[in-house]
Amino acid sequence: MRKIVTWALCLLCMAATAKNFVVTSPNGEVVVNLNDEGGKLVYNVSYQGVQLLEDSPLGIVTDRLDFTKGVSIENSTEPQTLEKAYELRTIKQRNVRVAYRQAVLTVAGEGGKMEVEWMVSDRDVAYRYRLLPVRRRDETLVAVVKSEASGFVLPQGTTTFLCPQSLPMTGFARTAPSYETNYTLDDAMGKNGWGQGYSFPCLFKTHPQSIPKGGKSDLWILISETGVDGNYCASRLLNEHDGCYKIGFPQEGECNGIGSVTPAIALPGYTPWRTLTVGTLKNIVETTVANDLVEQKYAPSKEYTYGKGSWSWIIGMDPSCNYDEQCRYIDFSAQMGYRSVLVDAWWDKQIGYERMAQLAAYGRQKGVGLFLWYNSNGKWNDAPQTPKGIMDNSRLRRKEMQWMQQNGILGIKVDFFGGDKQQMMQLYEDILSDANDFGLQVIFHGCTLPRGWERMYPNYVASEAVLASENLHFSQGMCDAEARNACTHTFIRNTVGSMDFGGSALNKFYGADNQHGSQRRTSDVFALATAVLFQSSVQHFAMAPNNLTDAPAWAIDFMKQVPTTWDEIRFIDGYPGRYAIFARRCGDQWFVAGINAAEQPLKKTVSLPMIAAGSSLQVYSDDAKLQGSLKTIKLNKKQQLTVTIPCNGGVVITSD
């Protein structure tokens with residue numbers, strides 16, 4: 001009885017001395033409340049007076065300390081405003097200028113302390129832990145992070161837009177998980193994917209009960225992470241119960257069971273940032289938080305260039321990877337004014353190194369460079385495609401990259417990674433660093449989500465981490481769902497990092513003769529629109545040489561001119577999985593692109609305040625039968641344009 005009374009008194013004492021702390025965004029619309037009541041660190045998030053995240057747990061458990069219970073906020077820094085200003089050509093907003101309010105909490109637990117750093121902008125909330133040396137008999141300067149309590153408690157009635165995480169060592173040649181599953185849309189909370197949680201990023205729509213005057217009826221939260229490198233593992237989102245989601249480390253079976261799921265870090269050391277983008281869909285689409293909070297890790301070895309390219313594999317598959325066909329695609333890229341051709345798997349067997357050097361020389365004569373495909377593999381899956389056994393070995397990798405540099409290769413596409421464990425994050429970083437030494441750009445496939453990598457690694461281009469265009473070749477069902485998926489990726493996957501989709505096909509069929517194979521359901525204008533909507537600084541489009549004669553001339557002309565790097569993005573309208581209308585600017589020219597996945601035609605009046613009234617506009621649009629056309633109009637005095645987009649169709653508007 002005495003013990004019970006003593007424990008009760010301790011709880012009362014803790015409640016009486018609980019500390020509260022508030023971090024508010026520069027405009028005051030985003031508010032983070034923190035407290036340590038009951039010896040546990042929790043936080044909640046409000047936007048425009050509406051609570052979007054309920055009391056959610058914080059904390060971390062290492063091999064030496066447990067910061068999930070018996071903790072208290074010892075002190076905190078006064079929140080200060082930090083201006084983040086940088087230029088980055090390879091993301092959706094070239095010149096970024098955003099203000100954050102920064103604060104650091106020192107949290108004391110039994111036997112040690114840690115810090116929690118907060119960054120809050122007018123649309124983003126981010127936090128990370130800083131683990132400190134443990135000073136007992138001897139100073140401990142390393143730690144193994146056993147788990148994180150980091151959680152996100154969503155209000156009742158929230159609906160989810162999530163990508164289930166795969167079981168490890170499943171799928172093609174046991175290459176899963178590789179962030180390649182279909183999203184579930186407008187689903188209820190309380191599920192846990194296929195039992196393994198969800199891949200980042202994760203989108204939620206809340207339905208607040210009380211809305212302040214002038215507020216939005218639906219508000220959104222995008223949860224992800226950034227700043228992941230070889231010093232930590234990548235994470236996923238696990239549903240504990242109902243609306244409570246938490247950070248989960250990789251699965252034991254990833255990388256063929258090799259390596260630990262728990263990261264080891266040197267002390268003092270930081271964890272990655274946990275990020276939340278909150279508010280409207282405009283905030284979600286336009287956020288730059290993934291790159292705001294990270295720094296460049298090394299200087300570029302040269303000035304990297306970007307642009308468009310072609311690749312034969314998406315239409316012709318493995319047999320197309322031969323010398324003559326690659327010469328034909330080099331000629332095609334030259335005719336399109338493209339900078340590159342991507343030579344895919346088996347080139348070492350079907351072309352060979354000697355003839356590849358000749359192919360690269362032929363490309364240089366035409367002003368076209370090459371990207372070469374590689375298998376990442378050492379020992380983590382059964383993918384047989386070659387070249388393999390090179391990218392996982394530093395000595396062989398650097399020797400190969402030296403050969404590529406000598407032959408003027410532009411970059412590499414590395415495929416079939418083994419999972420999200422720390423050792424695999426280190427491999428990504430090692431490949432990027434070595435490639436930079438030899439002036440090579442890097443694309444990843446069969447891989448994890450990029451987490452701030454455009455800014456961290458200057459030769460990084462893009463990652464797949466999505467059910468990309470190859471699935472349109474393999475599956476009629478994926479062709480049937482192409483518009484739905486495209487309207488999803490624009491709001492979720494592509495908001496946090498460059499996406500190497502490899503789409504914008506103008507063939508009617510995914511086959512070399514354009515008469516057999518899975519049939520495209522979307523229109524030619526839809527293909528043009530996704531060239532604008534899908535963001536990556538290097539785009540290898542799913543076009544073929546025959547398109548020069550069998551595709552509309554206006555479509556070919558557009559695909560010759562469309563940029564791959566952008567100065568600005570603006571969300572105009574849309575809903576995940578249904579329709580999307582965005583605007584992107586390159587220099588002084590605006591590109592407005594829209595697509596529709598709904599069964600009924602979408603009729604919208606689009607406001608274009610960024611384009612002067614009376615300006616000449618080129619409008620690519622579809623009729624009810626998905627027959628596209630191009631017309632030129634003048635923008636009216638209201639700077640508005642009414643468009644109709646049929647199901648599986650698109651619209652593109654370009655300014656002079």
# chains A, B, ... in the order shown; residues from 1 in each chain; ligands from 1
$ residues_around --residues "Ala360 in chain A" --least-positions-apart "3" --cutoff "8 Å" --atoms "only C-alpha atoms" --output "PyMOL selection string"
chain A and resi 356-357+363-364+369-370+407-409
$ residues_around --residues "Met543 in chain A" --least-positions-apart "5" --cutoff "9 Å" --atoms "only C-alpha atoms" --output "number ranges by chain"
A: 310-312, 314-315, 503-507
$ residues_around --residues "Leu342 in chain A" --least-positions-apart "6" --cutoff "10 Å" --atoms "only C-alpha atoms" --output "list in words"
Gly309, Ser310, Trp311, Ser312, Trp313, Gln326, Tyr329, Ile330, Gly369, Leu370, Phe371, Leu372, Trp373, Leu410, Gly411, Ile412, Lys413, Gln539, His540 and Phe541 of chain A
$ write_last_selection --atoms "C-alpha atoms" --output "PDB file, in the first residue's frame"
ATOM      1  CA  GLY A 309      16.607  11.128 -73.550  1.00  0.00           C
ATOM      2  CA  SER A 310      15.220   7.920 -75.016  1.00  0.00           C
ATOM      3  CA  TRP A 311      15.537   4.220 -74.171  1.00  0.00           C
ATOM      4  CA  SER A 312      14.675   1.144 -76.202  1.00  0.00           C
ATOM      5  CA  TRP A 313      13.967  -1.275 -73.362  1.00  0.00           C
ATOM      6  CA  GLN A 326      21.053   1.372 -79.820  1.00  0.00           C
ATOM      7  CA  TYR A 329      17.923   5.136 -80.761  1.00  0.00           C
ATOM      8  CA  ILE A 330      20.968   7.416 -80.797  1.00  0.00           C
ATOM      9  CA  GLY A 369      25.618  10.714 -74.543  1.00  0.00           C
ATOM     10  CA  LEU A 370      24.884   7.389 -72.851  1.00  0.00           C
ATOM     11  CA  PHE A 371      23.549   6.249 -69.491  1.00  0.00           C
ATOM     12  CA  LEU A 372      24.464   2.629 -68.706  1.00  0.00           C
ATOM     13  CA  TRP A 373      22.402   0.201 -66.596  1.00  0.00           C
ATOM     14  CA  LEU A 410      27.142  10.533 -68.920  1.00  0.00           C
ATOM     15  CA  GLY A 411      25.848   8.438 -66.066  1.00  0.00           C
ATOM     16  CA  ILE A 412      24.565   5.181 -64.634  1.00  0.00           C
ATOM     17  CA  LYS A 413      21.236   3.640 -63.715  1.00  0.00           C
ATOM     18  CA  GLN A 539      13.837  12.249 -68.379  1.00  0.00           C
ATOM     19  CA  HIS A 540      14.208   9.146 -70.548  1.00  0.00           C
ATOM     20  CA  PHE A 541      10.849   9.086 -72.279  1.00  0.00           C
TER      21      PHE A 541
END
$ select_by_dssp --residues "range 510-579 of chain A" --states "strand (DSSP E)" --output "number ranges by chain"
A: 538-541, 568-575, 579
$ closest_residue --among "A:Glu110, A:Val61, A:Phe204, A:Thr277" --to "Val45 in chain A" --atoms "only C-alpha atoms"
A:Thr277
$ closest_residue --among "A:Glu464, A:Asp623, A:Asp513, A:Asp124" --to "Thr287 in chain A" --atoms "only C-alpha atoms"
A:Asp124
$ residues_around --residues "Pro601 in chain A" --least-positions-apart "2" --cutoff "7 Å" --atoms "only C-alpha atoms" --output "JSON list (two decimals) with N, CA, C and O atoms, in the first residue's frame"
[["chain", "number", "residue", "atom", "x", "y", "z"],
["A", 599, "GLU", "N", -14.35, 9.01, -64.29],
["A", 599, "GLU", "CA", -15.12, 8.48, -65.42],
["A", 599, "GLU", "C", -15.76, 9.59, -66.24],
["A", 599, "GLU", "O", -15.88, 9.50, -67.46],
["A", 603, "LYS", "N", -14.63, 19.46, -66.23],
["A", 603, "LYS", "CA", -14.71, 20.81, -66.78],
["A", 603, "LYS", "C", -14.31, 21.79, -65.70],
["A", 603, "LYS", "O", -14.91, 21.84, -64.63],
["A", 644, "THR", "N", -11.91, 21.34, -70.71],
["A", 644, "THR", "CA", -12.63, 20.08, -70.47],
["A", 644, "THR", "C", -11.66, 18.94, -70.74],
["A", 644, "THR", "O", -11.06, 18.86, -71.82],
["A", 645, "ILE", "N", -11.50, 18.06, -69.75],
["A", 645, "ILE", "CA", -10.56, 16.94, -69.87],
["A", 645, "ILE", "C", -11.36, 15.64, -69.75],
["A", 645, "ILE", "O", -11.94, 15.35, -68.70],
["A", 646, "PRO", "N", -11.42, 14.84, -70.80],
["A", 646, "PRO", "CA", -12.13, 13.56, -70.70],
["A", 646, "PRO", "C", -11.36, 12.56, -69.86],
["A", 646, "PRO", "O", -10.17, 12.74, -69.58],
["A", 647, "CYS", "N", -12.03, 11.49, -69.46],
["A", 647, "CYS", "CA", -11.36, 10.42, -68.72],
["A", 647, "CYS", "C", -10.20, 9.87, -69.55],
["A", 647, "CYS", "O", -10.33, 9.64, -70.76]]
$ decode --residues "range 495-559 of chain A" --atoms "C-alpha atoms" --output "tab-separated table (two decimals), in the first residue's frame"
chain	number	residue	atom	x	y	z
A	495	THR	CA	6.17	15.78	-53.97
A	496	VAL	CA	9.21	14.76	-51.89
A	497	GLY	CA	11.79	13.79	-54.50
A	498	SER	CA	12.63	13.37	-58.17
A	499	MET	CA	10.82	10.42	-59.74
A	500	ASP	CA	12.30	8.43	-62.62
A	501	PHE	CA	9.08	7.14	-64.18
A	502	GLY	CA	10.22	6.75	-67.80
A	503	GLY	CA	6.81	7.40	-69.32
A	504	SER	CA	5.15	9.70	-71.87
A	505	ALA	CA	4.75	6.94	-74.48
A	506	LEU	CA	3.29	7.85	-77.86
A	507	ASN	CA	3.01	4.25	-79.07
A	508	LYS	CA	-0.51	2.84	-79.02
A	509	PHE	CA	0.90	-0.50	-77.87
A	510	TYR	CA	3.90	-1.44	-75.74
A	511	GLY	CA	5.52	-3.51	-78.45
A	512	ALA	CA	8.25	-3.00	-81.04
A	513	ASP	CA	5.75	-3.16	-83.93
A	514	ASN	CA	3.26	-0.85	-82.17
A	515	GLN	CA	0.53	-3.41	-82.90
A	516	HIS	CA	0.93	-5.97	-80.11
A	517	GLY	CA	1.39	-5.89	-76.37
A	518	SER	CA	-0.47	-4.04	-73.66
A	519	GLN	CA	-2.57	-1.20	-75.05
A	520	ARG	CA	-2.29	2.37	-73.85
A	521	ARG	CA	-5.64	3.75	-72.66
A	522	THR	CA	-4.51	7.33	-72.23
A	523	SER	CA	-4.33	9.98	-74.93
A	524	ASP	CA	-1.36	11.59	-76.61
A	525	VAL	CA	-2.17	14.84	-74.80
A	526	PHE	CA	-2.10	12.88	-71.52
A	527	ALA	CA	1.44	11.75	-72.42
A	528	LEU	CA	2.46	15.37	-73.00
A	529	ALA	CA	0.89	16.42	-69.71
A	530	THR	CA	2.79	13.82	-67.67
A	531	ALA	CA	6.05	15.07	-69.21
A	532	VAL	CA	5.28	18.27	-67.31
A	533	LEU	CA	3.64	16.80	-64.21
A	534	PHE	CA	6.33	14.18	-63.44
A	535	GLN	CA	9.42	15.93	-62.13
A	536	SER	CA	12.97	14.74	-62.80
A	537	SER	CA	15.88	16.73	-64.19
A	538	VAL	CA	16.75	13.88	-66.57
A	539	GLN	CA	13.84	12.25	-68.38
A	540	HIS	CA	14.21	9.15	-70.55
A	541	PHE	CA	10.85	9.09	-72.28
A	542	ALA	CA	9.07	5.93	-73.47
A	543	MET	CA	9.11	7.11	-77.07
A	544	ALA	CA	10.29	5.14	-80.10
A	545	PRO	CA	11.79	6.06	-83.49
A	546	ASN	CA	8.57	5.11	-85.24
A	547	ASN	CA	6.83	7.96	-83.41
A	548	LEU	CA	8.51	10.39	-85.83
A	549	THR	CA	6.04	9.18	-88.47
A	550	ASP	CA	3.12	7.59	-86.61
A	551	ALA	CA	2.55	10.17	-83.84
A	552	PRO	CA	0.95	13.60	-84.41
A	553	ALA	CA	3.46	16.24	-85.48
A	554	TRP	CA	2.26	18.60	-82.72
A	555	ALA	CA	3.00	15.91	-80.12
A	556	ILE	CA	6.51	15.31	-81.45
A	557	ASP	CA	7.20	19.04	-81.57
A	558	PHE	CA	6.07	19.43	-77.96
A	559	MET	CA	8.21	16.51	-76.77
